[in-house]
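Chemist: Submitted below is the structure of interest, expressed as structure tokens.
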Amino acid sequence: MFRFICRRLVLSLITVWMVVTFTFLLMHHMPGELFVVKKNVPPQVLENITQKYGLDRPKLEQYFIYLGNVVRGDLGISMKYTNKSVNTIISKAFPVSVDLGLRALFIALSMGIILGIIAALNKNKPLDDITLFISVIGVAVPGFVLGTLSQYLLCYKLTGFLSRVTGSSFRLFPVSGWKGFSYTLVPSAVLAFGAMAIIIRMMRSSLLDVLELNYIVNAKVKGLSSREIITKHGIKNALFPIVSVLGPLSVSILLGSFAIEKIFSIPGLGHYLVTSVQEKDYTMVIGLSLFTSLIVILVNTITDILYSIMDPRVQLK
Amino acid sequence: MEKLLELSDFSLYIKENKILDAINLCIGRGEIVSVVGESGSGKTMLAKSILNIVKAKHIRREGRILLEGKSIEDLPDEQMLKIRGKSIGMIFQEPLSYMNPTMKVGKQLTEPLIKHCGINYREAVEKLKLLLDRLKIDHLKEYLNKYPHELSGGMAQRGMISSTASCLPKIIIADEPTSSLDLIAQKSIIELLKSMTCDFGISVIFITHDLSLADKISERVIVLSKGRIVEEGKTKEVFINPKSEAAARLTASALRKVGNFNTKKTNAEKDILIRIEAVDKHFPNKTSNVLTDVSLEIYKGETVGLVGESGCGKSTFARLIARIIKPSAGKILYRNEDIFKSANYPQKVQMIFQNPFFSLDPQMKVENIVIEGVGRKYLPKKEALERVKHYLEMVGLEDDEISTRYSYQLSGGQCQRVSIARALIMNPELIVLDEPTSCLDTVSQAQILELFKRLKAENKVGYLFISHDIRLLAHICDRIAVMYKGTIIETGSCEDVLVRPVHPYTKQLISVCYNGT
Amino acid sequence: MRFSKGIILLTTCLICFSMIFAGCSDPKKQEAFLEENILNISIGGEPEVLDPQLAIDVYPMRVINAVFEGLCRNDEKGVPMPGVAKFWDISEDKLTYTFYLREATWSDGTQITAKDFKDAWLRALDPNPKDHQPALMGYLLMCIEGAENYLYGEGSKEDVGIEAKDDKTLVVKLTKPTPYFLQIVSNSVAMPINSEFYSKQPLVEGMSKYGADIENVLGNGPYVIKEWNHNEDIVLEKNPNYWNAENIKLSTVNLRIIPDNSSAITSFKAGELDIVEISEAHQRDELKAKGAVVESYNTGATQYVSINNEDKYLKNVNLRKALVYGIERESLVNKVVKDGSEEAYAFVNPVVGGGNNSFRQETGDLVRRDNTAEAESFALKSLVELKLSDMPKLSLLVDDMETSKRDAQALQEMWRKNVGIEVEIETMSFESIQERMMQKDYQMVLLRWSGDYNDPTSFLEIFETENYFNIVGFNNSEYDSLMSKAREETDEKKRMNLLSEAEELLFKYMPICPLYYVHNSYAVKPKVKGLVRGSSAIQDMDFYWTYLE
């Protein structure tokens, strides 16, 4: 295990270095002047700013200066939020995204697995079709459509209706913001939907495959009831494909929540991921790329370790 | 004798096909009965029907099954649960695939006890230990803490049997429990089953395709063919005097002692084809070497047999020769060239594996499988098909239609023949056979052995025949090497090893194989 | 068995944990939102920095206008009224302004002095600031003596004509009479800075954290920042130390940062917001039907098509006239834009003052209305002059905002119908457009222009030959001389006349195609009174006079 982690560490350093270099090259080749202001600012002033950030120095020099800073853990100052360091911005925004992401992951996993089991056990019966329908919606309907729709129906219509009916001013599902438990329910449910759809399908087919295997027959022969067979032998072995897909799934939830964050006004990292490129905030873009690549590596490593713990046949290499 | 289990006029239909036809059967208390038949005769279906675990659409059952006088053929599932495991237990052929790979052995084996006898885990372990002790399983605590893939086939099967027997069921149905094990393990399991009967009065229905094995274990035998009972009676009598055609076939294919050995090495020449020199093999997570200081020479055109119990390193050895893994020390030379540097080695040395179904690509037709190695793109289609036909005929598959079938549409014996054809079409100098018949029933096995004898006479191909059953090797090999715990302890001509064994282990092996004691 | 027990335990733990972690929604907090005298507004984005000298966007300006105050501030009509300065004297030659400050304090109680203003203005002009970005809006103060030299790095700080005579008197010397100087003084770039507070701010990589967070802001305006949750909301509370505190009626303003406007509108409908911007035309009717008050105001910007006068086809004036007359402005405004914008028949926005009335009223319209019939004849004339047999195919650059694309398609349709010209729309990011514009690598581009200060010059100067932003390539010596004469002219009326002449001259040559004056619509709950929406960035939204009924 120790050697595995060491190897992963080296691999992640190399990967991160490649990401940083690549992003640096891309950013500096984007079209347009750096400080685009829709006002008639005299060119002299713009020149002063360029000098200040060292952007008039040769690219190679800029690259090495930046790399030197990164090694010391300093990701620089955001060029848009001129007196906040990239570290501060990320450290304030990321926990919110993680919070949202974890809740969504939790919902996706639990609901996905349960519905998948129900679908498998009721194969070709109406219940199976219903869960299939749910999963098709999750895969086909884009996140922002689902988000806006649920915002309208649940947060506006339903909550308004309940408020009027009960007479209190307590809002069950607030429309936007991130100030309490009730604010988290609708956004995480919407974010979870897409992943949940995938998990339902996987769990269903995986469980059906497992139930064909020999040791299930053996369990039956031992006299265990269907319920016992499924819970003790079936489910755990059926979870493996989901664990192996958990890595990329978590990453896509954690980092792909931009649309949901925008619709529900959640102060997470998604906003920065998109707008920093448009606004040519160099330091922010590279800082974010570095950060996200670290997250991806971390999540994948955790998944691998989890898999090896769950399945005794698998050994970490 | 008391009638414990009775089947009267029991028939099973799947989609209007008659799988079992009017079975009439009686098992008494404390009796061991063998049910023998070729593969496909319906033995497993019979076992599964008794427990009502046949999984298929459109099943129709007729007739009655009585357990201690009470009919159980119509029982709903909740009540059937109480019978399965508690009154009737079952053990299967291949223990490893019948165990949950992610659950510890101890937990799985104590499941029936916990479920049916209402005791907790610790008490169940105690009870189980008593049974496991009989099987001479050392280090019980470690054993129970392992996972199934860490056990050998024999250890796992012993565990399964103890687990099934621990609830003291009235009947144990054993569906070919020893087919995938080597003979020494086989012996201990047969002893265990016999002691179950003696000590606890458990009846055993022993399903097998090997009549000689049935002879060792049971007094009564029932012969099944195409879903029908064709013969019944005392095992010895049926063995010596088979009345039905099916029984006759079975008797003929039972492996007996070879009378005379052909000491003339008809095809052997003086060239050394493959030389294995002081090879060690060590796997990173195992403490000791799998192979230690193994040396062997194989001459061109010669048939060498390698025998040893399961777990002694035979398969590792075979994989080394097939270039699948590399030796940790030592060299393997092919005509004085290191095999890992040799260019056309795969063409010269072919390998045939144990499980015929798993060696063939389920998505490929037979003709494509056979022609694959030769390089289909270099041959025009007509010529390719002709070649395929030629080799399929050589291995005894004359039916034209077979070349368009897929592997799952063939029987085990047919699949193995296809593998042999695929190997032969490459014109190799040596074919390595890793337990090629252990997954086949005795009739098929006998047929394949005949095939080898014929091929050996016709071509100049050499064979390296690896098996746990020395009786097989006796029929076909020129030389035999005996492997024990990773080293070759004895080599010599076939006759020398069998008639005048030197090493004590060899002696034990021979006595077990031929006498069953 | 243990596995499933473990799962159930884990699930229960996680649910409890998540409730605690997120903080159970406080019903009292929710109710508080709906109390009296609390205003809930959405702003579309997080203010980057609350530093009056460095802010350029509308979002920080809104907050700065509430939290800081300059010598003057704009009144409900956009005219500068006394702020920190009680009154002021202007010299005869209009070159010297003397401001007399009142007894006013920063929100922490320290007195505001004239030095605070001098420091702030010099900071805005600093060409090479050590611990902050150069102020992009500093150029507005270039009318001050010595300021231009200092800003361009050629002069010294001491030579700039700002003097703090004593704690409460500020004397400013201008290079030439600037009638809109008081407008500049109300602008955020001229707001004061508490230097002692500034020096105490920590540095992050050499950059001062002034304005980055709630503890880094010290203001003197009618409100103080009570909470700043980045990307979530900013809560403003009434400043008890403000000199005019008794006339500020709101107790709290909640600025919720909601980037997605349709989400903001849903919030508005659900009662969580009191004011919301309207981004789509159909929302106006919808919200009106629900009982909201829908208003629109002139943003002070003009939407127009900038034409490259150096292009081989578009150098022909008749072709340009054809394009200008080919647009049916009325139907553009009423059927396509539909947000209260007005048709533009000249360039300078009506919001710009010029003498007694707005400059626009004084100068009048410069493009004939309802002239689409003539458009085609102009086009044919140009074909003859350019010696072409067919109408040339032209390209129009458009940025990727929805409104721009919508306008572009309408224009394309109109030009096809009325002039017979095929125009190809090229959509790209604003940065790419900027690059091509500055290199004059375009034929036509859809743009919006607004002035940084309330004077016609801020619109007309971009057509001067030497101007950095003259991307149309308009080169007319008569125009240039009119503009410089206007700059020298001290008499206000004469100056306005010169500027009117200049704009009239401009439109003889039709270098651009004006479309409409941009208005913004918004909706308010009927209980909100006294909200001022202005025409300048600093007064985009003013809560000074706002109260709830």
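Chain lettering (A, B, ...) mirrors the order of the structure tokens, residue numbering begins at 1 for each chain separately, and ligand numbering begins at 1 in order of display.
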Using backbone DSSP assignments, extract all helix (DSSP H, G or I) residues from region 71-260 of chain A; output them as a PyMOL selection string.
Modeler: chain A and resi 71+86-121+126-140+143-166+181-210+214-221+226-238+240-255+258-260
Chemist: Compute the set of chain B residues within 12 Å of chain C, using only C-alpha atoms, and express it as a list in words.
Modeler: Met103, Lys107, Glu111 and Tyr121 of chain B
Chemist: May I have the residues from that selection written out with C-alpha atoms, as an mmCIF file, in the first residue's frame?
Modeler:
```cif
data_model
loop_
_atom_site.group_PDB
_atom_site.id
_atom_site.type_symbol
_atom_site.label_atom_id
_atom_site.label_comp_id
_atom_site.auth_asym_id
_atom_site.auth_seq_id
_atom_site.Cartn_x
_atom_site.Cartn_y
_atom_site.Cartn_z
ATOM 1 C CA MET B 103 -16.838 -13.009 1.666
ATOM 2 C CA LYS B 107 -18.540 -16.608 7.239
ATOM 3 C CA GLU B 111 -24.139 -19.712 6.935
ATOM 4 C CA TYR B 121 -21.258 -17.316 14.573
#
```
Chemist: When you get a sec, could you note down which chain A residues fall within 12 Å of chain B, using only C-alpha atoms, as a PyMOL selection string?
Modeler: chain A and resi 210-229+232-240+307-317
Chemist: I'd like the neighbourhood of region 106-123 of chain A as a PyMOL selection string, where a residue qualifies if any of its atoms comes within 7 Å (using only C-alpha atoms), though same-chain residues fewer than 3 positions away should be ignored.
Modeler: chain A and resi 102-103+127-128+131+189+192-193+195-197+199-201+203-204+207-208
Chemist: If you keep N, CA, C and O atoms, can you produce a file of those selected residues as a short mmCIF file (atom, residue, chain, number, x, y, z; two decimals), in the first residue's frame?
Modeler:
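What landed in result_31.cif:
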```cif
data_model
loop_
_atom_site.label_atom_id
_atom_site.label_comp_id
_atom_site.auth_asym_id
_atom_site.auth_seq_id
_atom_site.Cartn_x
_atom_site.Cartn_y
_atom_site.Cartn_z
N LEU A 102 -20.92 16.64 -2.52
CA LEU A 102 -21.06 15.47 -1.66
C LEU A 102 -22.52 15.14 -1.41
O LEU A 102 -22.92 13.98 -1.42
N ARG A 103 -23.30 16.17 -1.17
CA ARG A 103 -24.73 15.90 -0.99
C ARG A 103 -25.31 15.25 -2.22
O ARG A 103 -26.08 14.29 -2.14
N LEU A 127 -42.64 -1.88 -12.26
CA LEU A 127 -41.71 -1.12 -11.43
C LEU A 127 -40.38 -0.92 -12.14
O LEU A 127 -39.74 0.13 -12.03
N ASP A 128 -39.97 -1.92 -12.89
CA ASP A 128 -38.75 -1.83 -13.67
C ASP A 128 -38.88 -0.70 -14.69
O ASP A 128 -37.98 0.11 -14.86
N THR A 131 -38.59 2.81 -13.10
CA THR A 131 -37.23 3.24 -12.79
C THR A 131 -36.46 3.51 -14.07
O THR A 131 -35.63 4.43 -14.12
N ALA A 189 -30.42 17.69 -5.24
CA ALA A 189 -31.24 16.67 -5.89
C ALA A 189 -31.12 16.78 -7.40
O ALA A 189 -30.97 15.78 -8.10
N ALA A 192 -27.82 15.61 -8.59
CA ALA A 192 -27.67 14.17 -8.46
C ALA A 192 -28.34 13.40 -9.58
O ALA A 192 -27.98 12.26 -9.85
N PHE A 193 -29.31 14.06 -10.23
CA PHE A 193 -30.18 13.29 -11.10
C PHE A 193 -29.45 12.58 -12.22
O PHE A 193 -29.71 11.42 -12.51
N ALA A 195 -26.25 11.66 -12.49
CA ALA A 195 -25.43 10.55 -12.01
C ALA A 195 -26.30 9.40 -11.53
O ALA A 195 -26.00 8.23 -11.74
N MET A 196 -27.41 9.75 -10.90
CA MET A 196 -28.30 8.71 -10.38
C MET A 196 -28.80 7.83 -11.51
O MET A 196 -28.87 6.61 -11.38
N ALA A 197 -29.11 8.47 -12.65
CA ALA A 197 -29.61 7.70 -13.78
C ALA A 197 -28.61 6.64 -14.19
O ALA A 197 -28.96 5.48 -14.41
N ILE A 199 -26.23 5.34 -12.38
CA ILE A 199 -26.05 4.32 -11.34
C ILE A 199 -27.20 3.33 -11.33
O ILE A 199 -27.00 2.13 -11.12
N ILE A 200 -28.41 3.81 -11.59
CA ILE A 200 -29.56 2.90 -11.64
C ILE A 200 -29.31 1.83 -12.69
O ILE A 200 -29.46 0.63 -12.44
N ARG A 201 -28.92 2.27 -13.88
CA ARG A 201 -28.72 1.30 -14.96
C ARG A 201 -27.63 0.31 -14.63
O ARG A 201 -27.74 -0.89 -14.84
N MET A 203 -26.42 -0.53 -11.68
CA MET A 203 -26.74 -1.42 -10.57
C MET A 203 -27.68 -2.51 -11.05
O MET A 203 -27.52 -3.68 -10.70
N ARG A 204 -28.63 -2.12 -11.86
CA ARG A 204 -29.58 -3.10 -12.35
C ARG A 204 -28.88 -4.21 -13.12
O ARG A 204 -29.05 -5.38 -12.84
N LEU A 207 -26.45 -6.27 -10.87
CA LEU A 207 -27.12 -7.20 -9.96
C LEU A 207 -27.69 -8.39 -10.73
O LEU A 207 -27.62 -9.53 -10.28
N LEU A 208 -28.26 -8.10 -11.90
CA LEU A 208 -28.80 -9.20 -12.69
C LEU A 208 -27.70 -10.18 -13.08
O LEU A 208 -27.89 -11.39 -13.06
#
```
Chemist: Restrict the distance test to only C-alpha atoms, flag each residue of chain A within 6 Å of chain C, and return the flagged residues as a list in words.
Modeler: Pro31, Gly32, Tyr81, Asn83, Tyr156, Val175, Gly180, Phe181, Lys262, Ile263, Ser265 and Pro267 of chain A
Chemist: Would you write out those residues with N, CA, C and O atoms, as a compact mmCIF listing (two decimals), in the first residue's frame?
Modeler:
```txt
# COMPACT_ATOMS: atom_id res chain seq x y z
N PRO A 31 -6.80 34.95 -28.06
CA PRO A 31 -6.83 36.24 -28.75
C PRO A 31 -7.26 37.37 -27.82
O PRO A 31 -7.89 37.14 -26.81
N GLY A 32 -6.92 38.54 -28.19
CA GLY A 32 -7.41 39.70 -27.45
C GLY A 32 -6.38 40.23 -26.49
O GLY A 32 -5.50 39.52 -26.01
N TYR A 81 -9.74 39.92 -9.47
CA TYR A 81 -9.95 40.36 -8.09
C TYR A 81 -8.58 40.74 -7.56
O TYR A 81 -7.91 39.94 -6.91
N ASN A 83 -6.83 42.19 -5.45
CA ASN A 83 -6.08 42.05 -4.20
C ASN A 83 -6.50 40.82 -3.43
O ASN A 83 -6.43 40.77 -2.21
N TYR A 156 -40.79 27.80 -6.36
CA TYR A 156 -41.70 28.93 -6.52
C TYR A 156 -43.12 28.48 -6.27
O TYR A 156 -43.79 28.93 -5.35
N VAL A 175 -35.72 29.85 -3.30
CA VAL A 175 -35.40 29.84 -4.72
C VAL A 175 -33.90 29.85 -4.96
O VAL A 175 -33.38 29.12 -5.79
N GLY A 180 -28.63 27.59 4.37
CA GLY A 180 -29.12 26.67 5.40
C GLY A 180 -29.47 25.34 4.77
O GLY A 180 -29.35 25.15 3.57
N PHE A 181 -29.92 24.41 5.57
CA PHE A 181 -30.20 23.08 5.09
C PHE A 181 -31.27 23.08 4.00
O PHE A 181 -31.15 22.41 2.98
N LYS A 262 -25.11 28.27 -10.97
CA LYS A 262 -25.55 29.55 -11.54
C LYS A 262 -27.05 29.73 -11.29
O LYS A 262 -27.49 30.77 -10.86
N ILE A 263 -27.81 28.69 -11.54
CA ILE A 263 -29.27 28.82 -11.43
C ILE A 263 -29.67 29.09 -9.99
O ILE A 263 -30.54 29.91 -9.72
N SER A 265 -27.73 30.27 -7.61
CA SER A 265 -26.87 31.28 -6.99
C SER A 265 -26.09 30.71 -5.82
O SER A 265 -26.15 31.23 -4.71
N PRO A 267 -22.51 30.00 -4.16
CA PRO A 267 -21.17 30.58 -4.32
C PRO A 267 -20.07 29.54 -4.38
O PRO A 267 -19.22 29.46 -3.51
```
Chemist: Out of B:Arg64, B:Lys236, B:Arg422, B:Arg471, which residue has the shortest atom-to-atom distance to Ile510 (chain B) when counting only C-alpha atoms?
Modeler: B:Arg471
Chemist: Which of these residues is nearest to Phe258 (chain A), using only C-alpha atoms: A:Gly287, A:Pro241, A:Gly167, A:Gly101?
Modeler: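 That would be A:Gly101, the residue with the smallest distance to Phe258 (chain A).
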Chemist: Show me, as a PDB file with C-alpha atoms, in the first residue's frame, the residues that have an atom within 8 Å of Lys18 (chain B) when counting only C-alpha atoms, minus same-chain residues fewer than 6 positions from it.
Modeler:
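That gives us around-v5.pdb:
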```pdb
ATOM      1  CA  SER B  11     -40.744 -35.861 -15.583  1.00  0.00           C
ATOM      2  CA  LEU B  12     -39.379 -32.431 -16.318  1.00  0.00           C
ATOM      3  CA  GLY B 227     -33.037 -38.283 -19.282  1.00  0.00           C
TER       4      GLY B 227
END
```
Chemist: Find the residues near Leu296 (chain B): any atom within 12 Å, counting only C-alpha atoms, skip ones fewer than 6 places away on the same chain, and give them as a PDB file with C-alpha atoms, in the first residue's frame.
Modeler:
```pdb
ATOM      1  CA  ILE B 272      16.836 -31.967 -27.906  1.00  0.00           C
ATOM      2  CA  LEU B 273      13.958 -29.682 -28.708  1.00  0.00           C
ATOM      3  CA  ILE B 274      13.443 -27.911 -25.440  1.00  0.00           C
ATOM      4  CA  ARG B 275      15.786 -27.812 -22.536  1.00  0.00           C
ATOM      5  CA  ILE B 276      14.679 -26.412 -19.217  1.00  0.00           C
ATOM      6  CA  GLU B 277      17.669 -25.582 -17.052  1.00  0.00           C
ATOM      7  CA  ALA B 278      17.491 -25.003 -13.324  1.00  0.00           C
ATOM      8  CA  VAL B 279      14.421 -22.832 -13.521  1.00  0.00           C
ATOM      9  CA  VAL B 304       6.591 -36.494 -22.108  1.00  0.00           C
ATOM     10  CA  GLY B 305       4.133 -36.596 -19.257  1.00  0.00           C
ATOM     11  CA  LEU B 306       4.268 -34.394 -16.177  1.00  0.00           C
ATOM     12  CA  PHE B 317       5.569 -24.804 -15.480  1.00  0.00           C
ATOM     13  CA  ILE B 321       7.141 -22.997 -21.489  1.00  0.00           C
ATOM     14  CA  GLY B 330      17.419 -20.297 -14.938  1.00  0.00           C
ATOM     15  CA  LYS B 331      16.874 -20.591 -18.663  1.00  0.00           C
ATOM     16  CA  ILE B 332      14.563 -22.249 -21.071  1.00  0.00           C
ATOM     17  CA  LEU B 333      16.176 -22.998 -24.387  1.00  0.00           C
ATOM     18  CA  LEU B 464       4.150 -32.410 -23.168  1.00  0.00           C
ATOM     19  CA  ARG B 479       8.508 -40.627 -20.541  1.00  0.00           C
ATOM     20  CA  ILE B 480       7.029 -39.422 -17.289  1.00  0.00           C
ATOM     21  CA  ALA B 481       8.283 -36.775 -14.891  1.00  0.00           C
ATOM     22  CA  VAL B 482       6.817 -36.531 -11.415  1.00  0.00           C
ATOM     23  CA  MET B 483       6.551 -33.132  -9.810  1.00  0.00           C
ATOM     24  CA  THR B 487      10.554 -29.814  -8.002  1.00  0.00           C
ATOM     25  CA  ILE B 488      10.810 -32.788 -10.277  1.00  0.00           C
ATOM     26  CA  ILE B 489      11.453 -35.719  -8.039  1.00  0.00           C
ATOM     27  CA  GLU B 490      11.564 -38.513 -10.540  1.00  0.00           C
ATOM     28  CA  THR B 491      11.873 -38.975 -14.301  1.00  0.00           C
ATOM     29  CA  GLY B 492      12.083 -42.038 -16.393  1.00  0.00           C
TER      30      GLY B 492
END
```
Chemist: Please list as number ranges by chain every residue within 10 Å of Val145 (chain A), counting only C-alpha atoms and excluding residues in the same chain fewer than 4 positions away.
Modeler: A: 141, 149-151, 190, 259-260, 263
Chemist: At what distance in Å, to one decimal, does CA of Leu183 (chain B) lie from CA of Gln508 (chain B)?
Modeler: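 Value for the CA of Gln508 (chain B)-CA of Leu183 (chain B) distance: 10.8 Å.
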Chemist: Do you know which residues are at most 12 Å from Glu92 (chain C) counting only C-alpha atoms, after dropping those on the same chain fewer than 3 positions away, and could you put them as an NGL selection string?
Modeler: :C and (89 or 95-97 or 177 or 490-491)
Chemist: Dump N, CA and C atoms for the selected residues as a PDB file, in the first residue's frame?
Modeler:
```pdb
ATOM      1  N   ASP C  89     -16.714  77.314  -4.226  1.00  0.00           N
ATOM      2  CA  ASP C  89     -16.556  78.533  -5.025  1.00  0.00           C
ATOM      3  C   ASP C  89     -15.899  78.177  -6.332  1.00  0.00           C
ATOM      4  N   LEU C  95     -11.228  78.269 -13.589  1.00  0.00           N
ATOM      5  CA  LEU C  95     -10.101  77.362 -13.487  1.00  0.00           C
ATOM      6  C   LEU C  95      -9.838  76.893 -12.069  1.00  0.00           C
ATOM      7  N   THR C  96     -10.355  77.631 -11.097  1.00  0.00           N
ATOM      8  CA  THR C  96     -10.067  77.251  -9.714  1.00  0.00           C
ATOM      9  C   THR C  96     -11.361  76.931  -8.975  1.00  0.00           C
ATOM     10  N   TYR C  97     -11.387  75.740  -8.362  1.00  0.00           N
ATOM     11  CA  TYR C  97     -12.538  75.339  -7.563  1.00  0.00           C
ATOM     12  C   TYR C  97     -12.078  75.246  -6.106  1.00  0.00           C
ATOM     13  N   PRO C 177     -11.187  75.451 -18.607  1.00  0.00           N
ATOM     14  CA  PRO C 177     -12.531  75.360 -18.027  1.00  0.00           C
ATOM     15  C   PRO C 177     -13.212  74.045 -18.412  1.00  0.00           C
ATOM     16  N   THR C 490     -14.553  79.193 -23.363  1.00  0.00           N
ATOM     17  CA  THR C 490     -14.974  79.281 -21.966  1.00  0.00           C
ATOM     18  C   THR C 490     -16.457  79.537 -21.854  1.00  0.00           C
ATOM     19  N   ASP C 491     -17.004  80.175 -22.842  1.00  0.00           N
ATOM     20  CA  ASP C 491     -18.430  80.480 -22.757  1.00  0.00           C
ATOM     21  C   ASP C 491     -19.214  79.204 -23.035  1.00  0.00           C
TER      22      ASP C 491
END
```
